[in-house]
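Novice: This is the content of input-v4.txt (compact mmCIF, C-alpha atoms and all ligand atoms):
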```txt
# COMPACT_ATOMS: atom_id res chain seq x y z
CA MET A 5 -38.65 -16.25 1.55
CA SER A 6 -36.06 -16.77 -1.14
CA THR A 7 -33.97 -19.93 -1.12
CA SER A 8 -30.45 -19.88 -2.45
CA LYS A 9 -29.87 -22.38 -5.20
CA SER A 10 -27.56 -25.25 -4.42
CA TYR A 11 -25.17 -25.99 -7.25
CA SER A 12 -22.66 -28.78 -7.76
CA LYS A 13 -19.01 -28.31 -6.73
CA PHE A 14 -18.27 -27.40 -10.36
CA GLY A 15 -21.31 -25.10 -10.43
CA GLU A 16 -20.30 -23.34 -7.24
CA LYS A 17 -16.77 -22.71 -8.49
CA PHE A 18 -17.60 -21.56 -12.01
CA ASN A 19 -20.50 -19.44 -10.87
CA ARG A 20 -18.12 -17.13 -8.95
CA TYR A 21 -17.72 -13.54 -10.04
CA SER A 22 -14.05 -13.90 -10.96
CA GLY A 23 -11.50 -11.24 -11.86
CA ILE A 24 -11.71 -12.20 -15.52
CA THR A 25 -15.50 -11.87 -15.51
CA GLN A 26 -15.25 -8.44 -13.91
CA LEU A 27 -12.75 -7.45 -16.56
CA MET A 28 -14.99 -8.62 -19.40
CA ASP A 29 -17.96 -6.84 -17.77
CA ASP A 30 -16.01 -3.59 -17.47
CA LEU A 31 -15.01 -3.92 -21.09
CA ASN A 32 -18.55 -4.52 -22.21
CA ASP A 33 -20.06 -1.76 -20.02
CA GLY A 34 -17.32 0.68 -20.97
CA LEU A 35 -17.84 0.09 -24.65
CA ARG A 36 -21.39 1.28 -24.21
CA THR A 37 -20.58 4.24 -21.93
CA PRO A 38 -19.88 7.38 -23.93
CA GLY A 39 -16.60 9.02 -22.97
CA ALA A 40 -15.19 6.04 -21.02
CA LEU A 41 -11.44 5.68 -21.43
CA MET A 42 -10.88 2.00 -22.01
CA LEU A 43 -7.34 1.29 -20.92
CA GLY A 44 -8.34 -1.92 -19.18
CA GLY A 45 -9.40 -4.76 -21.43
CA GLY A 46 -7.55 -6.85 -23.91
CA ASN A 47 -9.53 -6.05 -27.02
CA PRO A 48 -7.07 -5.81 -29.91
CA ALA A 49 -6.74 -2.51 -31.73
CA SER A 50 -9.00 -1.80 -34.63
CA ILE A 51 -6.22 -1.28 -37.19
CA PRO A 52 -7.83 0.30 -40.28
CA GLN A 53 -5.66 -1.65 -42.73
CA MET A 54 -6.57 -4.95 -41.03
CA MET A 55 -10.27 -4.05 -40.84
CA ASP A 56 -10.26 -3.28 -44.58
CA TYR A 57 -8.45 -6.52 -45.25
CA PHE A 58 -10.92 -8.62 -43.22
CA SER A 59 -13.81 -6.92 -44.93
CA LYS A 60 -12.33 -7.65 -48.37
CA VAL A 61 -11.57 -11.28 -47.50
CA SER A 62 -15.09 -11.81 -46.12
CA GLN A 63 -16.60 -10.47 -49.32
CA GLU A 64 -14.38 -12.69 -51.46
CA MET A 65 -15.22 -15.73 -49.37
CA LEU A 66 -18.90 -14.91 -49.46
CA ALA A 67 -18.78 -14.64 -53.23
CA SER A 68 -16.87 -17.92 -53.59
CA GLY A 69 -19.24 -19.81 -51.27
CA GLU A 70 -16.44 -20.64 -48.76
CA LEU A 71 -18.01 -18.62 -45.97
CA VAL A 72 -21.45 -20.19 -46.25
CA SER A 73 -19.86 -23.63 -46.55
CA ALA A 74 -17.97 -22.97 -43.27
CA MET A 75 -21.20 -21.81 -41.64
CA ALA A 76 -23.27 -24.73 -42.86
CA ASN A 77 -21.05 -27.66 -41.82
CA TYR A 78 -19.55 -29.11 -38.66
CA ASP A 79 -15.81 -29.68 -38.76
CA GLY A 80 -14.29 -32.70 -37.02
CA PRO A 81 -13.46 -32.44 -33.31
CA GLN A 82 -9.78 -31.67 -34.03
CA GLY A 83 -10.80 -28.61 -36.06
CA LYS A 84 -10.91 -27.71 -39.75
CA ASP A 85 -8.67 -30.16 -41.65
CA THR A 86 -7.54 -27.77 -44.37
CA PHE A 87 -6.36 -25.16 -41.86
CA VAL A 88 -4.69 -27.69 -39.56
CA LYS A 89 -2.77 -29.06 -42.57
CA GLY A 90 -2.03 -25.61 -43.99
CA LEU A 91 -0.74 -24.31 -40.66
CA ALA A 92 1.41 -27.40 -40.02
CA LYS A 93 3.05 -26.89 -43.42
CA LEU A 94 3.53 -23.15 -42.84
CA LEU A 95 5.24 -23.73 -39.48
CA LYS A 96 7.33 -26.59 -40.82
CA ASP A 97 8.46 -24.52 -43.83
CA THR A 98 9.10 -21.39 -41.72
CA TYR A 99 10.84 -22.92 -38.71
CA SER A 100 11.72 -26.49 -39.77
CA TRP A 101 9.65 -27.79 -36.84
CA ASP A 102 9.00 -31.50 -37.00
CA ILE A 103 5.20 -31.29 -37.09
CA SER A 104 2.27 -32.44 -39.20
CA GLU A 105 -1.50 -32.17 -39.02
CA LYS A 106 -1.36 -34.70 -36.18
CA ASN A 107 0.20 -32.04 -33.96
CA ILE A 108 -2.43 -29.32 -34.20
CA SER A 109 -5.87 -29.05 -32.64
CA LEU A 110 -8.23 -26.08 -32.55
CA THR A 111 -10.46 -24.72 -29.80
CA ASN A 112 -13.03 -21.97 -29.47
CA GLY A 113 -10.47 -19.34 -28.45
CA SER A 114 -7.23 -20.18 -26.69
CA GLN A 115 -8.93 -19.40 -23.35
CA SER A 116 -10.79 -22.72 -23.76
CA ALA A 117 -7.54 -24.43 -24.70
CA PHE A 118 -6.07 -23.39 -21.34
CA PHE A 119 -9.14 -24.66 -19.50
CA TYR A 120 -8.79 -28.04 -21.21
CA LEU A 121 -5.02 -28.27 -20.79
CA PHE A 122 -4.86 -27.19 -17.16
CA ASN A 123 -7.63 -29.58 -16.18
CA LEU A 124 -6.20 -32.39 -18.31
CA LEU A 125 -2.94 -32.16 -16.40
CA ALA A 126 -3.51 -30.56 -12.99
CA GLY A 127 -5.93 -30.93 -10.09
CA LYS A 128 -6.97 -34.20 -8.48
CA GLN A 129 -5.16 -37.15 -10.07
CA GLN A 130 -6.38 -40.72 -10.47
CA ASP A 131 -4.15 -41.83 -7.56
CA GLY A 132 -5.72 -39.20 -5.29
CA SER A 133 -2.74 -36.83 -5.34
CA HIS A 134 -3.12 -33.17 -6.34
CA LYS A 135 -1.03 -31.54 -9.03
CA LYS A 136 -0.41 -27.94 -9.99
CA ILE A 137 0.67 -25.83 -12.93
CA LEU A 138 3.90 -24.02 -12.17
CA LEU A 139 4.02 -20.41 -13.36
CA PRO A 140 7.71 -19.53 -13.21
CA LEU A 141 7.10 -15.81 -13.26
CA ALA A 142 4.11 -14.00 -11.76
CA PRO A 143 2.63 -11.46 -12.67
CA GLU A 144 0.99 -13.78 -15.19
CA TYR A 145 -2.19 -13.75 -17.32
CA ILE A 146 -5.31 -13.15 -15.21
CA GLY A 147 -7.36 -15.45 -17.44
CA TYR A 148 -5.63 -18.58 -16.07
CA CYS A 149 -6.47 -17.78 -12.47
CA ASP A 150 -9.93 -19.34 -12.06
CA SER A 151 -9.68 -22.01 -14.72
CA GLY A 152 -9.16 -25.04 -12.45
CA ILE A 153 -12.09 -27.37 -11.84
CA ASP A 154 -10.31 -28.04 -8.56
CA ASP A 155 -9.15 -25.18 -6.37
CA ASP A 156 -5.53 -24.29 -5.94
CA ILE A 157 -4.07 -25.55 -9.20
CA PHE A 158 -1.32 -22.93 -9.56
CA VAL A 159 1.97 -22.30 -7.88
CA SER A 160 3.82 -19.19 -9.00
CA TYR A 161 7.08 -17.44 -8.26
CA LYS A 162 8.16 -13.86 -7.83
CA PRO A 163 10.54 -12.55 -10.45
CA GLU A 164 13.92 -10.92 -10.12
CA ILE A 165 13.63 -7.23 -10.94
CA GLU A 166 16.28 -5.61 -13.10
CA LEU A 167 16.22 -1.80 -12.93
CA LEU A 168 16.87 -0.21 -16.31
CA GLU A 169 17.59 3.32 -17.52
CA ASP A 170 14.84 5.84 -18.27
CA ARG A 171 12.69 4.68 -15.34
CA GLN A 172 12.14 1.25 -16.90
CA PHE A 173 12.60 -2.24 -15.44
CA LYS A 174 12.46 -5.87 -16.54
CA TYR A 175 11.44 -9.08 -14.80
CA HIS A 176 13.50 -12.26 -15.00
CA VAL A 177 12.69 -15.80 -13.89
CA ASP A 178 14.37 -16.45 -10.55
CA PHE A 179 15.60 -19.98 -11.25
CA SER A 180 17.15 -20.25 -7.78
CA GLU A 181 13.63 -20.29 -6.30
CA LEU A 182 11.77 -22.70 -8.63
CA GLU A 183 10.93 -26.01 -7.01
CA VAL A 184 9.78 -28.76 -9.33
CA ASP A 185 8.69 -31.96 -7.63
CA ASP A 186 6.05 -34.65 -8.19
CA SER A 187 3.26 -32.21 -7.45
CA VAL A 188 3.99 -30.17 -10.58
CA ALA A 189 1.99 -31.21 -13.66
CA ALA A 190 3.37 -28.69 -16.16
CA ILE A 191 5.22 -25.39 -16.46
CA CYS A 192 3.38 -22.55 -18.18
CA ALA A 193 4.28 -19.00 -19.24
CA SER A 194 2.88 -16.42 -21.61
CA ARG A 195 5.50 -15.06 -24.03
CA PRO A 196 5.19 -12.10 -24.60
CA THR A 197 3.54 -11.85 -21.23
CA ASN A 198 0.14 -10.43 -20.49
CA PRO A 199 0.16 -8.19 -18.32
CA THR A 200 3.76 -6.96 -18.43
CA GLY A 201 4.89 -7.02 -22.05
CA ASN A 202 7.91 -9.02 -20.88
CA LEU A 203 9.47 -11.42 -23.35
CA LEU A 204 11.15 -14.38 -21.67
CA THR A 205 14.63 -14.57 -23.14
CA ASP A 206 15.75 -17.50 -25.32
CA GLU A 207 17.99 -18.58 -22.46
CA GLU A 208 15.09 -18.54 -19.97
CA ILE A 209 12.94 -20.63 -22.35
CA GLU A 210 15.76 -23.13 -22.89
CA LYS A 211 16.25 -23.47 -19.15
CA LEU A 212 12.51 -23.97 -18.60
CA ASP A 213 12.49 -26.58 -21.36
CA GLU A 214 15.38 -28.42 -19.70
CA LEU A 215 13.64 -28.29 -16.35
CA ALA A 216 10.39 -29.61 -17.84
CA ARG A 217 12.15 -32.45 -19.66
CA LYS A 218 14.12 -33.39 -16.58
CA HIS A 219 10.87 -33.84 -14.66
CA ASN A 220 8.98 -35.39 -17.55
CA ILE A 221 6.31 -32.68 -17.64
CA PRO A 222 5.29 -30.43 -20.55
CA LEU A 223 6.25 -26.79 -21.02
CA ILE A 224 3.17 -24.79 -22.06
CA ILE A 225 4.03 -21.60 -23.92
CA ASP A 226 1.19 -19.14 -24.42
CA ASN A 227 2.01 -17.49 -27.72
CA ALA A 228 -1.20 -15.42 -28.02
CA TYR A 229 0.87 -12.34 -28.97
CA GLY A 230 3.94 -14.10 -30.29
CA THR A 231 5.59 -15.03 -33.56
CA PRO A 232 4.92 -15.78 -36.36
CA PHE A 233 1.41 -14.33 -35.92
CA PRO A 234 0.20 -11.88 -34.70
CA ASN A 235 3.88 -11.08 -34.05
CA ILE A 236 3.37 -8.34 -31.48
CA VAL A 237 6.99 -8.77 -30.44
CA PHE A 238 9.50 -5.95 -30.35
CA GLU A 239 12.70 -7.82 -29.45
CA ASP A 240 14.53 -10.67 -31.14
CA ALA A 241 13.40 -14.01 -29.80
CA LYS A 242 13.63 -17.50 -31.24
CA PRO A 243 10.21 -19.15 -31.69
CA PHE A 244 10.36 -22.30 -29.62
CA TYR A 245 8.80 -25.72 -30.11
CA ASN A 246 9.77 -29.35 -29.56
CA ASP A 247 7.85 -32.52 -28.74
CA ASN A 248 7.70 -31.60 -25.04
CA THR A 249 6.26 -28.14 -25.74
CA ILE A 250 2.57 -27.27 -25.86
CA LEU A 251 2.44 -24.08 -27.89
CA CYS A 252 -0.87 -22.22 -27.73
CA MET A 253 -1.77 -19.63 -30.32
CA SER A 254 -4.83 -17.61 -31.25
CA LEU A 255 -6.38 -15.59 -34.05
CA SER A 256 -7.65 -13.02 -31.54
CA LYS A 257 -4.77 -10.57 -31.45
CA LEU A 258 -4.58 -10.62 -35.21
CA GLY A 259 -7.78 -8.61 -34.89
CA LEU A 260 -10.30 -11.46 -34.90
CA PRO A 261 -11.30 -12.06 -31.25
CA GLY A 262 -14.96 -12.48 -32.22
CA LEU A 263 -14.13 -15.58 -34.24
CA ARG A 264 -12.98 -17.42 -31.08
CA CYS A 265 -10.25 -19.53 -32.62
CA GLY A 266 -7.46 -21.01 -30.50
CA ILE A 267 -4.69 -23.24 -31.84
CA VAL A 268 -2.70 -25.81 -29.86
CA ILE A 269 0.52 -27.27 -31.28
CA ALA A 270 1.65 -30.28 -29.30
CA ASN A 271 2.71 -33.92 -29.53
CA GLU A 272 0.21 -36.41 -30.92
CA GLU A 273 -0.89 -37.66 -27.51
CA ILE A 274 -1.89 -34.18 -26.29
CA THR A 275 -3.47 -33.37 -29.67
CA GLN A 276 -5.59 -36.51 -29.43
CA ALA A 277 -6.60 -35.70 -25.86
CA LEU A 278 -7.72 -32.18 -26.85
CA THR A 279 -9.59 -33.60 -29.84
CA ASN A 280 -11.48 -35.97 -27.55
CA ILE A 281 -12.30 -33.16 -25.10
CA ASN A 282 -13.53 -30.99 -27.97
CA GLY A 283 -15.86 -33.75 -29.08
CA ILE A 284 -17.42 -34.11 -25.65
CA ILE A 285 -17.64 -30.44 -24.75
CA GLY A 286 -18.39 -28.78 -28.06
CA LEU A 287 -18.70 -31.44 -30.79
CA ALA A 288 -16.34 -29.41 -32.93
CA PRO A 289 -14.63 -26.02 -32.76
CA GLY A 290 -16.10 -23.18 -34.85
CA SER A 291 -15.32 -23.22 -38.56
CA ILE A 292 -15.24 -19.61 -39.68
CA GLY A 293 -11.98 -18.54 -38.00
CA PRO A 294 -10.03 -21.46 -39.45
CA ALA A 295 -11.59 -20.89 -42.89
CA ILE A 296 -10.49 -17.24 -42.90
CA ALA A 297 -7.05 -18.06 -41.52
CA GLN A 298 -6.57 -20.75 -44.18
CA HIS A 299 -7.53 -18.21 -46.83
CA MET A 300 -4.86 -15.89 -45.37
CA ILE A 301 -2.24 -18.65 -45.48
CA GLU A 302 -3.06 -19.51 -49.10
CA SER A 303 -2.71 -15.90 -50.17
CA ASN A 304 0.54 -15.49 -48.17
CA ASP A 305 -1.06 -12.73 -46.11
CA LEU A 306 -0.93 -14.20 -42.61
CA LEU A 307 2.74 -13.65 -41.87
CA ARG A 308 3.10 -10.67 -44.21
CA LEU A 309 0.38 -8.65 -42.46
CA SER A 310 1.66 -9.71 -39.01
CA ASN A 311 5.13 -8.39 -39.87
CA ASP A 312 4.31 -5.39 -41.97
CA VAL A 313 1.12 -4.05 -40.39
CA ILE A 314 0.38 -5.47 -36.94
CA LYS A 315 3.83 -5.41 -35.38
CA PRO A 316 4.74 -1.83 -36.46
CA PHE A 317 1.32 -0.56 -35.43
CA TYR A 318 1.65 -1.87 -31.86
CA GLN A 319 5.31 -0.97 -31.57
CA GLY A 320 4.62 2.65 -32.56
CA LYS A 321 1.68 2.89 -30.17
CA SER A 322 3.65 1.44 -27.30
CA GLN A 323 6.59 3.82 -27.77
CA HIS A 324 4.23 6.75 -27.92
CA ALA A 325 2.39 5.68 -24.76
CA VAL A 326 5.71 5.32 -22.91
CA GLU A 327 6.63 8.89 -23.93
CA LEU A 328 3.25 10.23 -22.81
CA LEU A 329 3.56 8.50 -19.43
CA GLN A 330 7.14 9.64 -18.87
CA GLN A 331 6.09 13.24 -19.62
CA ALA A 332 2.91 13.18 -17.55
CA ILE A 333 4.29 11.49 -14.41
CA ASP A 334 7.49 13.02 -13.02
CA GLU A 335 7.45 10.87 -9.86
CA PRO A 336 10.89 9.18 -9.46
CA ARG A 337 9.27 6.09 -7.87
CA PHE A 338 7.35 5.44 -11.07
CA ARG A 339 8.75 2.91 -13.57
CA ILE A 340 7.46 1.14 -16.69
CA HIS A 341 8.24 -2.49 -17.52
CA LYS A 342 10.30 -2.50 -20.71
CA PRO A 343 7.72 -3.05 -23.47
CA GLU A 344 8.95 -6.06 -25.43
CA GLY A 345 5.62 -7.19 -26.89
CA ALA A 346 1.88 -7.80 -26.29
CA MET A 347 -0.43 -4.80 -26.03
CA PHE A 348 -0.10 -3.58 -22.47
CA LEU A 349 2.15 -1.39 -20.40
CA TRP A 350 2.86 -2.48 -16.85
CA LEU A 351 3.32 0.48 -14.53
CA TRP A 352 5.05 0.23 -11.17
CA PHE A 353 4.49 2.90 -8.50
CA ASP A 354 6.98 1.94 -5.81
CA GLU A 355 5.93 2.83 -2.25
CA LEU A 356 2.45 3.83 -3.44
CA PRO A 357 0.50 4.53 -0.21
CA ILE A 358 -2.72 2.98 -1.59
CA THR A 359 -3.23 -0.37 -3.31
CA THR A 360 -3.76 -0.36 -7.06
CA MET A 361 -7.16 -1.96 -6.33
CA GLU A 362 -8.05 1.34 -4.62
CA LEU A 363 -6.46 3.30 -7.45
CA TYR A 364 -8.57 1.27 -9.93
CA LYS A 365 -11.75 2.33 -8.08
CA ARG A 366 -10.73 5.99 -8.04
CA LEU A 367 -9.88 5.88 -11.75
CA LYS A 368 -13.09 4.02 -12.64
CA ALA A 369 -15.07 6.75 -10.85
CA ARG A 370 -13.40 9.22 -13.20
CA GLY A 371 -14.18 7.13 -16.29
CA VAL A 372 -10.73 5.56 -16.77
CA LEU A 373 -10.52 1.77 -16.82
CA ILE A 374 -7.25 0.02 -16.04
CA VAL A 375 -6.60 -3.36 -14.39
CA PRO A 376 -5.20 -3.39 -10.85
CA GLY A 377 -2.01 -5.41 -10.45
CA GLU A 378 -3.30 -7.60 -7.60
CA TYR A 379 -5.11 -9.95 -9.99
CA PHE A 380 -1.93 -11.13 -11.68
CA PHE A 381 -0.12 -12.59 -8.67
CA PHE A 382 -2.23 -15.71 -8.09
CA GLY A 383 -0.53 -18.96 -7.07
CA GLN A 384 1.45 -17.47 -4.20
CA ASP A 385 0.58 -17.30 -0.52
CA ASP A 386 2.53 -14.40 0.83
CA ASP A 387 1.40 -10.88 0.28
CA TRP A 388 4.03 -8.94 -1.65
CA ASP A 389 4.00 -5.11 -1.55
CA HIS A 390 5.00 -5.01 -5.20
CA ALA A 391 1.74 -6.78 -6.14
CA HIS A 392 -0.20 -3.74 -4.83
CA GLN A 393 1.98 -1.19 -6.61
CA CYS A 394 1.51 -2.16 -10.25
CA LEU A 395 -1.22 -1.77 -12.82
CA ARG A 396 -1.87 -2.86 -16.36
CA MET A 397 -3.05 -0.48 -19.05
CA ASN A 398 -3.50 -1.17 -22.72
CA TYR A 399 -2.09 1.35 -25.15
CA VAL A 400 -4.27 0.70 -28.18
CA GLN A 401 -6.76 3.54 -27.85
CA SER A 402 -6.67 6.71 -29.95
CA ASP A 403 -3.92 9.25 -29.16
CA GLU A 404 -6.50 11.62 -27.75
CA ASP A 405 -7.96 8.99 -25.39
CA MET A 406 -4.47 7.87 -24.34
CA GLN A 407 -3.56 11.45 -23.46
CA ARG A 408 -6.76 12.03 -21.49
CA GLY A 409 -6.50 8.71 -19.69
CA ILE A 410 -2.83 9.19 -18.82
CA ALA A 411 -3.49 12.74 -17.55
CA ILE A 412 -6.12 11.39 -15.15
CA ILE A 413 -3.86 8.51 -14.02
CA ALA A 414 -1.08 11.06 -13.40
CA GLU A 415 -3.40 13.22 -11.27
CA GLU A 416 -4.71 10.32 -9.19
CA VAL A 417 -1.23 8.91 -8.62
CA LYS A 418 0.07 12.31 -7.52
CA LYS A 419 -2.86 12.66 -5.15
CA ALA A 420 -2.23 9.19 -3.72
CA TYR A 421 1.48 9.83 -3.11
CA SER A 422 0.75 13.19 -1.51
CA GLN A 423 -1.56 11.49 1.04
CA ALA A 424 1.40 9.58 2.52
N1 LIG B 1 -3.51 -15.86 -23.41
C1 LIG B 1 -3.21 -14.57 -23.20
C2 LIG B 1 -1.85 -14.22 -22.70
C3 LIG B 1 -4.16 -13.58 -23.45
O1 LIG B 1 -3.85 -12.31 -23.24
C4 LIG B 1 -5.45 -13.97 -23.92
C5 LIG B 1 -6.50 -12.95 -24.15
O2 LIG B 1 -6.39 -11.82 -23.84
C6 LIG B 1 -5.70 -15.32 -24.11
C7 LIG B 1 -4.70 -16.25 -23.86
C8 LIG B 1 -7.03 -15.82 -24.59
O3 LIG B 1 -7.36 -15.30 -25.82
P1 LIG B 1 -8.44 -15.98 -26.81
O4 LIG B 1 -9.30 -16.91 -26.00
O5 LIG B 1 -9.17 -14.84 -27.39
O6 LIG B 1 -7.62 -16.76 -27.81
```
Would you kindly transcribe this structure into structure tokens?
Specialist:
Amino acid sequence: MSTSKSYSKFGEKFNRYSGITQLMDDLNDGLRTPGALMLGGGNPASIPQMMDYFSKVSQEMLASGELVSAMANYDGPQGKDTFVKGLAKLLKDTYSWDISEKNISLTNGSQSAFFYLFNLLAGKQQDGSHKKILLPLAPEYIGYCDSGIDDDIFVSYKPEIELLEDRQFKYHVDFSELEVDDSVAAICASRPTNPTGNLLTDEEIEKLDELARKHNIPLIIDNAYGTPFPNIVFEDAKPFYNDNTILCMSLSKLGLPGLRCGIVIANEEITQALTNINGIIGLAPGSIGPAIAQHMIESNDLLRLSNDVIKPFYQGKSQHAVELLQQAIDEPRFRIHKPEGAMFLWLWFDELPITTMELYKRLKARGVLIVPGEYFFFGQDDDWDHAHQCLRMNYVQSDEDMQRGIAIIAEEVKKAYSQA
């Protein structure tokens, strides 16, 4: 007779097969399945110019001994000093932000930074109360969803939907609905947003900043796709930081997800807290990502390549994918969220007779991987039809794969509507 293992409360929660784990599994399985059309995961594009660049830089750093030195030594728990200093200077020079090396800490990927930050601020408090992270606009990044050591650490709000020309739409924060009280530990939003490609406007960010300051809580901005790097942003938007902001960045979408380097820019108190957590959980963050990024800063390549190579690559791909979708799907109830950044398109099939979870299964059976919309609406109790009518697809695959994948999506959507 088999006995089921009894884990701790933490063990039970983090041992669950979460949406993010399923997504990473699909990504991994798909990569090994010949012919699979991988429109699901968040792997950045393999941009030939960037791949050549990383290969050249690695060879230079191998020859100079920098790479082996990074491999053979622990950094301090805050992360590699030279990079933290170099990045502080770069951001200060570029944006006149009032920051120094005391405002930057590194983590093993920004995913870990969110785990640390959310659990630092939200969940069960020392006085026994329970606090939550307020997501002002859901759909929001699936990777936050299961990151609380305690359950129920998010509260999120539905957006206002603005209908645009050419079967597009855009979400806006519905400020009339947001309720900030003592149970809110921080406000958090990804900008540009995964999954929608929405870019919160400057005005929205300023209002969120005001709201956060008024309630003496931080505003966490997830800048994984934002400016100044990797700069996968197609609209004008002011980069935002002040001493009440926690700005999270990453090297992943630059094309280096395997290096697992996250960057947190915050006031000294938060930076010290993350440094202490790093020490306990991982001794020190990995050294190779910061060493390569510092090399890129010193040779003035980090912002140059973000502007001149990465941004135009994604912008071109996104426009092309929108055209392909508009051509392939003539359904008037189909709309695309205006692509303003990040590397996904967010498709809305209004009045779709099946859920996108069901659509995901039908597409997976035909070798096309997308992510059903349901995952991105965590932190709200009521079931919203809209949450079952949307899906996320990345647009970074080859033109041929995009065309094949979109043709199959078009067929399955047509079939689903015709069943009504
Ligand atoms: N934030 C957003 C919005 C993301 O899309 C991702 C990854 O896809 C992350 C954070 C985490 O990225 P990483 O841990 O690779 O830095």
Novice: Pick from A:Asp226, A:Asp213, A:Asp154, A:Glu181: nearest to ligand LIG 1 (chain B), with all atoms listed in the file counted?
Specialist: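 With all atoms listed in the file as the atom set, the closest residue is A:Asp226.
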Novice: Given a cut-off of 9 Å, what residues near ligand LIG 1 (chain B) show up using all atoms listed in the file, put as an NGL selection string?
Specialist: :A and (45-48 or 111-118 or 144-148 or 193-199 or 226-229 or 252-257 or 260-267 or 346-347)
Novice: Out of A:Leu43, A:Leu121, A:Ala369, A:Ala391, which residue has the shortest atom-to-atom distance to Asp403 in chain A when counting only C-alpha atoms?
Specialist: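 Using only C-alpha atoms, Asp403 in chain A sits closest to A:Leu43.
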Novice: Find the residue from A:Thr279, A:Glu362, A:Leu167, A:Val400 that sits nearest to Ile51 in chain A; use all atoms listed in the file when measuring.
Specialist: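 For Ile51 in chain A, the nearest of the candidates is A:Val400.
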Novice: Per residue of range 220-250 of chain A within 12 Å of range 78-95 of chain A, which atom pair is closest and at what distance in Å (one decimal), using all atoms listed in the file, listed by chain and increasing number, as a Markdown table?
Specialist:
```
| residue | atom | partner | partner_atom | distance |
| --- | --- | --- | --- | --- |
| A:Thr231 | CA | A:Leu95 | CA | 10.5 |
| A:Pro232 | CA | A:Leu95 | CA | 8.5 |
| A:Phe233 | CA | A:Leu95 | CA | 10.8 |
| A:Pro243 | CA | A:Leu95 | CA | 10.3 |
| A:Phe244 | CA | A:Leu95 | CA | 11.2 |
| A:Tyr245 | CA | A:Leu95 | CA | 10.2 |
```
Novice: Just the number, please: distance in Å from CA of Pro294 in chain A to CA of Leu306 in chain A, one decimal.
Specialist: 12.1 Å
Novice: Give me, as JSON lines, each residue of range 162-279 of chain A that comes within 6 Å of range 96-110 of chain A, together with its shortest interatomic pair and the distance in Å at one decimal, counting all atoms listed in the file, with rows ordered by chain and rising residue number.
Specialist:
```
{"residue": "A:Gly266", "atom": "CA", "partner": "A:Leu110", "partner_atom": "CA", "distance": 5.5}
{"residue": "A:Ile267", "atom": "CA", "partner": "A:Leu110", "partner_atom": "CA", "distance": 4.6}
{"residue": "A:Val268", "atom": "CA", "partner": "A:Ser109", "partner_atom": "CA", "distance": 5.3}
{"residue": "A:Ile269", "atom": "CA", "partner": "A:Ile108", "partner_atom": "CA", "distance": 4.6}
{"residue": "A:Ala270", "atom": "CA", "partner": "A:Asn107", "partner_atom": "CA", "distance": 5.2}
{"residue": "A:Asn271", "atom": "CA", "partner": "A:Asn107", "partner_atom": "CA", "distance": 5.4}
{"residue": "A:Glu272", "atom": "CA", "partner": "A:Asn107", "partner_atom": "CA", "distance": 5.3}
{"residue": "A:Thr275", "atom": "CA", "partner": "A:Ser109", "partner_atom": "CA", "distance": 5.8}
```
Novice: Just how far from CA of Ile224 in chain A is CA of Leu251 in chain A, in Å to one decimal?
Specialist: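 So the answer is 5.9 Å.
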Novice: Need the shell around range 236-240 of chain A: protein/DNA/RNA residues with any atom at most 8 Å away, counting all atoms listed in the file. Skip same-chain ones fewer than 6 positions apart. Format as a VMD selection string?
Specialist: chain A and resid 196 203 229 to 230 310 314 to 315 318 to 319 343 to 347
Novice: Got a minute to add N, CA and C atoms to range 174-182 of chain A and dump it as a CSV table (one decimal), in the coordinates of the input?
Specialist:
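Listing of selection_24.csv after writing:
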```
chain,number,residue,atom,x,y,z
A,174,LYS,N,12.8,-4.6,-15.9
A,174,LYS,CA,12.5,-5.9,-16.5
A,174,LYS,C,12.5,-7.0,-15.5
A,175,TYR,N,11.5,-7.9,-15.6
A,175,TYR,CA,11.4,-9.1,-14.8
A,175,TYR,C,12.2,-10.2,-15.4
A,176,HIS,N,12.8,-11.0,-14.5
A,176,HIS,CA,13.5,-12.3,-15.0
A,176,HIS,C,13.0,-13.4,-14.1
A,177,VAL,N,13.0,-14.6,-14.7
A,177,VAL,CA,12.7,-15.8,-13.9
A,177,VAL,C,13.8,-16.0,-12.8
A,178,ASP,N,13.4,-16.2,-11.6
A,178,ASP,CA,14.4,-16.4,-10.6
A,178,ASP,C,14.5,-18.0,-10.4
A,179,PHE,N,15.5,-18.5,-11.2
A,179,PHE,CA,15.6,-20.0,-11.2
A,179,PHE,C,16.0,-20.6,-9.9
A,180,SER,N,16.7,-19.7,-9.1
A,180,SER,CA,17.2,-20.2,-7.8
A,180,SER,C,16.0,-20.6,-6.9
A,181,GLU,N,14.8,-20.1,-7.2
A,181,GLU,CA,13.6,-20.3,-6.3
A,181,GLU,C,12.7,-21.4,-6.8
A,182,LEU,N,12.7,-21.7,-8.1
A,182,LEU,CA,11.8,-22.7,-8.6
A,182,LEU,C,12.0,-24.1,-8.0
```
